[in-house]
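This is start33.tsv. It holds TSV, C-alpha atoms.
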chain	number	residue	atom	x	y	z
A	1	MET	CA	0.00	0.00	0.00
A	2	LYS	CA	2.83	2.40	0.91
A	3	THR	CA	4.64	1.61	-2.36
A	4	ARG	CA	1.51	2.25	-4.43
A	5	PHE	CA	0.97	5.54	-2.63
A	6	LEU	CA	4.54	6.65	-3.41
A	7	ILE	CA	4.17	5.69	-7.09
A	8	VAL	CA	0.88	7.62	-7.38
A	9	LEU	CA	2.46	10.58	-5.58
A	10	SER	CA	5.36	10.48	-8.04
A	11	LEU	CA	2.92	10.55	-10.98
A	12	ILE	CA	1.03	13.51	-9.53
A	13	LEU	CA	4.26	15.37	-8.84
A	14	SER	CA	5.58	14.66	-12.35
A	15	PHE	CA	2.47	15.93	-14.10
A	16	SER	CA	2.07	19.02	-11.92
A	17	THR	CA	5.74	19.96	-12.35
A	18	SER	CA	5.64	19.29	-16.09
A	19	VAL	CA	2.55	21.48	-16.59
A	20	PHE	CA	4.27	24.33	-14.73
A	21	ALA	CA	7.54	23.86	-16.63
A	22	GLN	CA	5.73	23.55	-19.98
A	23	GLY	CA	4.16	26.93	-19.42
A	24	LYS	CA	7.60	28.40	-18.75
A	25	GLU	CA	8.96	26.90	-21.98
A	26	GLU	CA	6.12	28.43	-23.98
A	27	PHE	CA	6.61	31.80	-22.26
A	28	HIS	CA	10.32	31.82	-23.10
A	29	GLY	CA	9.62	30.60	-26.66
A	30	GLU	CA	11.79	27.51	-26.20
A	31	HIS	CA	11.41	24.06	-27.73
A	32	LYS	CA	8.89	22.10	-25.67
A	33	THR	CA	10.20	18.75	-24.39
A	34	PRO	CA	7.43	16.12	-24.61
A	35	ILE	CA	6.57	13.57	-21.95
A	36	PRO	CA	6.62	10.06	-23.49
A	37	ILE	CA	4.26	7.49	-22.01
A	38	GLU	CA	5.35	4.16	-23.41
A	39	ILE	CA	4.36	0.50	-23.50
A	40	THR	CA	6.77	-2.20	-24.69
A	41	ALA	CA	5.39	-5.72	-25.14
A	42	GLY	CA	7.94	-8.50	-25.61
A	43	ASN	CA	8.30	-12.25	-25.56
A	44	GLU	CA	9.14	-12.37	-21.81
A	45	SER	CA	7.56	-9.29	-20.23
A	46	SER	CA	5.73	-6.01	-20.73
A	47	LEU	CA	7.28	-2.69	-19.73
A	48	TYR	CA	5.44	0.54	-18.91
A	49	GLN	CA	7.54	3.70	-18.76
A	50	MET	CA	7.20	7.47	-18.39
A	51	ILE	CA	10.08	9.97	-18.40
A	52	VAL	CA	9.73	13.63	-17.44
A	53	ALA	CA	12.71	15.98	-18.01
A	54	LYS	CA	11.82	19.65	-17.58
A	55	GLN	CA	13.51	23.01	-16.96
A	56	PHE	CA	11.81	25.86	-15.13
A	57	GLY	CA	12.51	29.09	-13.24
A	58	LYS	CA	12.94	32.66	-14.41
A	59	LYS	CA	16.19	31.77	-16.19
A	60	GLN	CA	15.44	28.05	-16.57
A	61	GLN	CA	17.93	27.44	-13.75
A	62	PHE	CA	15.99	24.61	-12.09
A	63	GLY	CA	15.39	21.11	-13.39
A	64	PHE	CA	13.06	18.22	-12.66
A	65	PHE	CA	13.67	14.61	-13.73
A	66	ASN	CA	11.35	11.69	-13.09
A	67	LEU	CA	11.65	8.13	-14.37
A	68	LEU	CA	8.80	5.68	-13.77
A	69	ASN	CA	9.53	2.17	-14.97
A	70	TYR	CA	7.17	-0.76	-14.27
A	71	GLU	CA	7.82	-4.24	-15.70
A	72	VAL	CA	5.38	-7.16	-15.59
A	73	ASP	CA	6.89	-10.61	-16.19
A	74	TYR	CA	4.67	-13.20	-17.88
A	75	ASP	CA	5.87	-15.78	-15.33
A	76	SER	CA	3.45	-15.42	-12.43
A	77	LYS	CA	6.17	-16.57	-10.01
A	78	THR	CA	8.33	-13.55	-10.86
A	79	PRO	CA	7.35	-10.37	-8.96
A	80	ASP	CA	6.68	-7.15	-10.84
A	81	ASN	CA	9.77	-4.94	-11.08
A	82	TYR	CA	9.50	-1.17	-10.67
A	83	ILE	CA	11.90	1.76	-10.51
A	84	VAL	CA	10.85	5.30	-9.62
A	85	GLN	CA	13.56	7.96	-9.67
A	86	THR	CA	12.86	11.62	-8.88
A	87	ILE	CA	15.51	14.36	-8.93
A	88	PHE	CA	15.31	18.13	-8.46
A	89	SER	CA	18.39	19.94	-9.75
A	90	TYR	CA	20.05	23.32	-10.17
A	91	ASN	CA	21.56	24.19	-13.57
A	92	PHE	CA	24.88	25.90	-12.96
A	93	SER	CA	25.38	26.18	-16.75
A	94	ARG	CA	23.20	25.69	-19.82
A	95	ASN	CA	23.69	21.91	-19.97
A	96	PHE	CA	25.17	20.86	-16.62
A	97	SER	CA	23.35	20.43	-13.32
A	98	LEU	CA	23.62	19.04	-9.79
A	99	GLY	CA	20.67	17.72	-7.85
A	100	ALA	CA	19.19	15.56	-5.12
A	101	GLY	CA	16.27	13.19	-4.97
A	102	ALA	CA	15.42	9.57	-4.29
A	103	ASN	CA	15.01	6.10	-5.75
A	104	LEU	CA	12.15	3.72	-5.05
A	105	LYS	CA	12.78	0.15	-6.24
A	106	THR	CA	11.29	-3.31	-5.92
A	107	PHE	CA	14.62	-4.66	-4.68
A	108	GLY	CA	16.15	-1.84	-2.65
A	109	GLY	CA	13.24	0.18	-1.33
A	110	PHE	CA	13.39	3.94	-0.81
A	111	LYS	CA	16.82	5.61	-0.79
A	112	PRO	CA	17.88	9.29	-1.07
A	113	LEU	CA	20.50	10.16	-3.67
A	114	ILE	CA	22.60	12.91	-5.20
A	115	ALA	CA	23.17	13.26	-8.94
A	116	GLY	CA	24.85	15.24	-11.66
A	117	ALA	CA	23.65	15.52	-15.23
A	118	TYR	CA	24.43	16.70	-18.73
A	119	THR	CA	21.33	17.37	-20.83
A	120	PHE	CA	20.77	18.57	-24.37
A	121	PHE	CA	17.47	18.90	-26.22
A	122	ASN	CA	16.43	20.35	-29.57
A	123	LYS	CA	13.83	19.49	-32.20
A	124	ASP	CA	15.93	16.61	-33.59
A	125	PHE	CA	17.92	15.19	-30.66
A	126	GLY	CA	17.59	14.55	-26.95
A	127	LEU	CA	20.43	13.48	-24.66
A	128	VAL	CA	20.64	12.86	-20.90
A	129	ILE	CA	23.79	11.55	-19.16
A	130	GLN	CA	23.20	11.27	-15.44
A	131	PRO	CA	25.49	9.69	-12.80
A	132	SER	CA	24.00	9.28	-9.33
A	133	ILE	CA	24.76	7.62	-6.00
A	134	GLU	CA	22.42	6.52	-3.24
A	135	LEU	CA	23.25	7.88	0.22
A	136	GLU	CA	23.15	4.66	2.23
A	137	LYS	CA	25.64	1.88	3.04
A	138	ASP	CA	23.82	-0.67	0.93
A	139	GLY	CA	23.07	1.85	-1.83
A	140	VAL	CA	24.27	1.78	-5.43
A	141	GLY	CA	26.04	4.12	-7.79
A	142	GLU	CA	24.47	4.40	-11.23
A	143	LEU	CA	25.14	5.85	-14.66
A	144	PHE	CA	21.99	6.53	-16.67
A	145	THR	CA	22.02	7.47	-20.38
A	146	LEU	CA	19.19	8.38	-22.72
A	147	PHE	CA	19.62	9.32	-26.38
A	148	GLU	CA	16.80	9.96	-28.84
A	149	TRP	CA	16.84	10.90	-32.51
A	150	HIS	CA	13.62	12.27	-33.93
A	151	PRO	CA	14.27	14.54	-36.96
A	152	VAL	CA	11.46	16.95	-37.77
A	153	SER	CA	10.36	17.74	-41.34
A	154	SER	CA	7.25	18.71	-43.26
A	155	LYS	CA	6.38	15.03	-43.76
A	156	LYS	CA	3.68	13.37	-41.66
A	157	ILE	CA	5.86	10.37	-40.80
A	158	HIS	CA	9.34	10.74	-39.29
A	159	PRO	CA	12.01	8.18	-38.32
A	160	PHE	CA	12.72	7.60	-34.64
A	161	ALA	CA	15.54	5.85	-32.77
A	162	SER	CA	16.26	5.57	-29.08
A	163	PHE	CA	18.97	4.20	-26.78
A	164	GLN	CA	18.31	4.05	-23.05
A	165	GLY	CA	20.69	2.35	-20.67
A	166	ALA	CA	21.86	2.25	-17.09
A	167	THR	CA	24.45	0.33	-15.09
A	168	SER	CA	24.75	0.26	-11.32
A	169	PHE	CA	27.31	-0.98	-8.81
A	170	LYS	CA	27.20	-1.60	-5.07
A	171	SER	CA	28.76	1.35	-3.25
A	172	LYS	CA	30.36	-0.77	-0.51
A	173	ASN	CA	32.25	-3.24	-2.73
A	174	GLY	CA	32.01	-1.97	-6.33
A	175	LYS	CA	30.36	-5.18	-7.57
A	176	HIS	CA	27.87	-5.07	-10.41
A	177	ASP	CA	24.24	-4.82	-9.30
A	178	TYR	CA	22.00	-4.27	-12.31
A	179	SER	CA	22.28	-3.09	-15.92
A	180	TYR	CA	19.88	-2.67	-18.80
A	181	VAL	CA	19.76	-1.43	-22.39
A	182	TYR	CA	16.54	-0.53	-24.20
A	183	LEU	CA	16.82	-0.15	-27.99
A	184	LYS	CA	14.03	1.17	-30.20
A	185	LEU	CA	13.79	1.90	-33.91
A	186	GLY	CA	10.57	3.05	-35.46
A	187	ILE	CA	8.48	5.88	-36.84
A	188	GLN	CA	6.70	8.90	-35.40
A	189	THR	CA	3.45	10.29	-36.72
A	190	GLY	CA	1.76	13.09	-34.84
A	191	ASN	CA	2.03	12.37	-31.11
A	192	PHE	CA	2.61	8.64	-31.56
A	193	ARG	CA	5.72	6.52	-31.96
A	194	VAL	CA	5.71	2.82	-32.86
A	195	GLY	CA	8.21	0.15	-33.89
A	196	PRO	CA	10.27	-2.88	-32.81
A	197	ALA	CA	12.12	-2.89	-29.48
A	198	LEU	CA	14.86	-4.91	-27.81
A	199	ASN	CA	15.41	-4.90	-24.04
A	200	LEU	CA	18.55	-6.42	-22.51
A	201	GLN	CA	19.07	-6.87	-18.76
A	202	GLU	CA	21.72	-8.33	-16.48
A	203	ILE	CA	21.25	-8.78	-12.74
A	204	GLY	CA	23.97	-9.64	-10.21
A	205	ASN	CA	27.61	-10.48	-10.83
A	206	GLY	CA	29.97	-13.37	-11.42
A	207	ASP	CA	28.53	-16.90	-11.39
A	208	PHE	CA	25.25	-15.58	-9.95
A	209	ALA	CA	24.57	-13.11	-12.76
A	210	LYS	CA	21.37	-13.56	-14.74
A	211	SER	CA	20.68	-12.16	-18.21
A	212	HIS	CA	17.34	-11.49	-19.87
A	213	ILE	CA	16.53	-10.72	-23.51
A	214	ASN	CA	13.10	-9.34	-24.31
A	215	PHE	CA	12.19	-8.67	-27.95
A	216	GLY	CA	8.94	-7.14	-29.11
A	217	GLY	CA	7.39	-3.81	-30.07
A	218	PHE	CA	6.68	-0.45	-28.48
A	219	LEU	CA	4.01	2.24	-28.64
A	220	SER	CA	4.55	5.74	-27.24
A	221	LEU	CA	2.17	8.65	-26.68
A	222	LEU	CA	3.82	12.07	-26.49
A	223	ILE	CA	2.21	14.63	-24.20
A	224	TYR	CA	3.11	18.27	-24.87
Written as structure tokens, that's how I'd like the structure from this file.
Amino acid sequence: MKTRFLIVLSLILSFSTSVFAQGKEEFHGEHKTPIPIEITAGNESSLYQMIVAKQFGKKQQFGFFNLLNYEVDYDSKTPDNYIVQTIFSYNFSRNFSLGAGANLKTFGGFKPLIAGAYTFFNKDFGLVIQPSIELEKDGVGELFTLFEWHPVSSKKIHPFASFQGATSFKSKNGKHDYSYVYLKLGIQTGNFRVGPALNLQEIGNGDFAKSHINFGGFLSLLIY
């Protein structure tokens, strides 16, 4: 019940912050960064994801990042896997920022964190590189990367490609904890994106490491 409440609270916070930040982008005449709500259905599991990355403030000096990732395995014996990451940051230059927030995970619970980030967005590209570390003894350090290519033209249908990945290590011993790569290649028409997708995951380290390959398709709705 507590976990569900925190996930719902994260959704409410994401949408309220994004609406405020979107208004600031329109006021300053800047390119609006959409919020993708995405479903990926594969041969092993289904993944539901939403990413919010917004800038706000009089000089766009503040940032808000929220990642909501919920995976449902088709094997009923495997528990659902979720990751909720929320970070508020201060932009000390146009593309670089420092921030603080928290992670909420199926395996790991709630942990505060600090993070740095490099971000770049325009009408054709989007890039986020974000290292972070959880502030507890059993926490993890993580490097998150998101790259999207979505060229805009006068045509109704545009190509789309995306790379999203993260790798994390235990802070106390430096051993690998969890890594994933999500690859997508498709088309965009209006506020929709669709195409094939490949998700790769590795959990643990050494002889106890487990790998998962999930191939299927994705559908995204872009909210502006």
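Using all atoms listed in the file, the smallest distance between any of A:Asn191, A:Thr33, A:Asn43, A:Ser220 and Phe65 (chain A) comes from A:Thr33.
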I need the residue nearest Ile223 (chain A) from this list: A:Pro159, A:Gly101, A:Gly190, A:Gly165. Use all atoms listed in the file for the distance.
A:Gly190
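Comparing the minimum interatomic distances between Ile37 (chain A) and each of A:Leu221, A:Leu127, A:Arg94, A:Gly141, counting all atoms listed in the file, we find that A:Leu221 sits nearest.
Between CA of Ala53 (chain A) and CA of Phe92 (chain A) there is a distance of 16.5 Å.
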As AutoDock Vina command-line options, please: the centre and edge lengths in Å, to one decimal, of an axis-aligned box enclosing every listed atom of region 88-105 of chain A with 8 Å added on each side.
--center_x 18.8 --center_y 13.2 --center_z -12.1 --size_x 29.2 --size_y 42.0 --size_z 31.7
Once you count all atoms listed in the file, which residues end up no further than 12 Å from (20.4, -10.3, -11.2) in the file's frame, shown as a list of chain:residue names?
A:Asn81, A:Phe107, A:Ser168, A:Phe169, A:Lys175, A:His176, A:Asp177, A:Tyr178, A:Ser179, A:Tyr180, A:Gln201, A:Glu202, A:Ile203, A:Gly204, A:Asn205, A:Gly206, A:Asp207, A:Phe208, A:Ala209, A:Lys210, A:Ser211, A:His212
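The residues that lie within 10 Å of the point (16.1, 28.7, -14.6), counting only C-alpha atoms, are A:Lys24, A:Gln55, A:Phe56, A:Gly57, A:Lys58, A:Lys59, A:Gln60, A:Gln61, A:Phe62, A:Gly63, A:Tyr90, A:Asn91, A:Phe92, A:Ser93, A:Arg94.
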Residues within 7 Å of Ile114 (chain A), please, as a PyMOL selection string. Count all atoms listed in the file; anything in the same chain fewer than 6 positions from it doesn't count.
chain A and resi 99-101+132-134
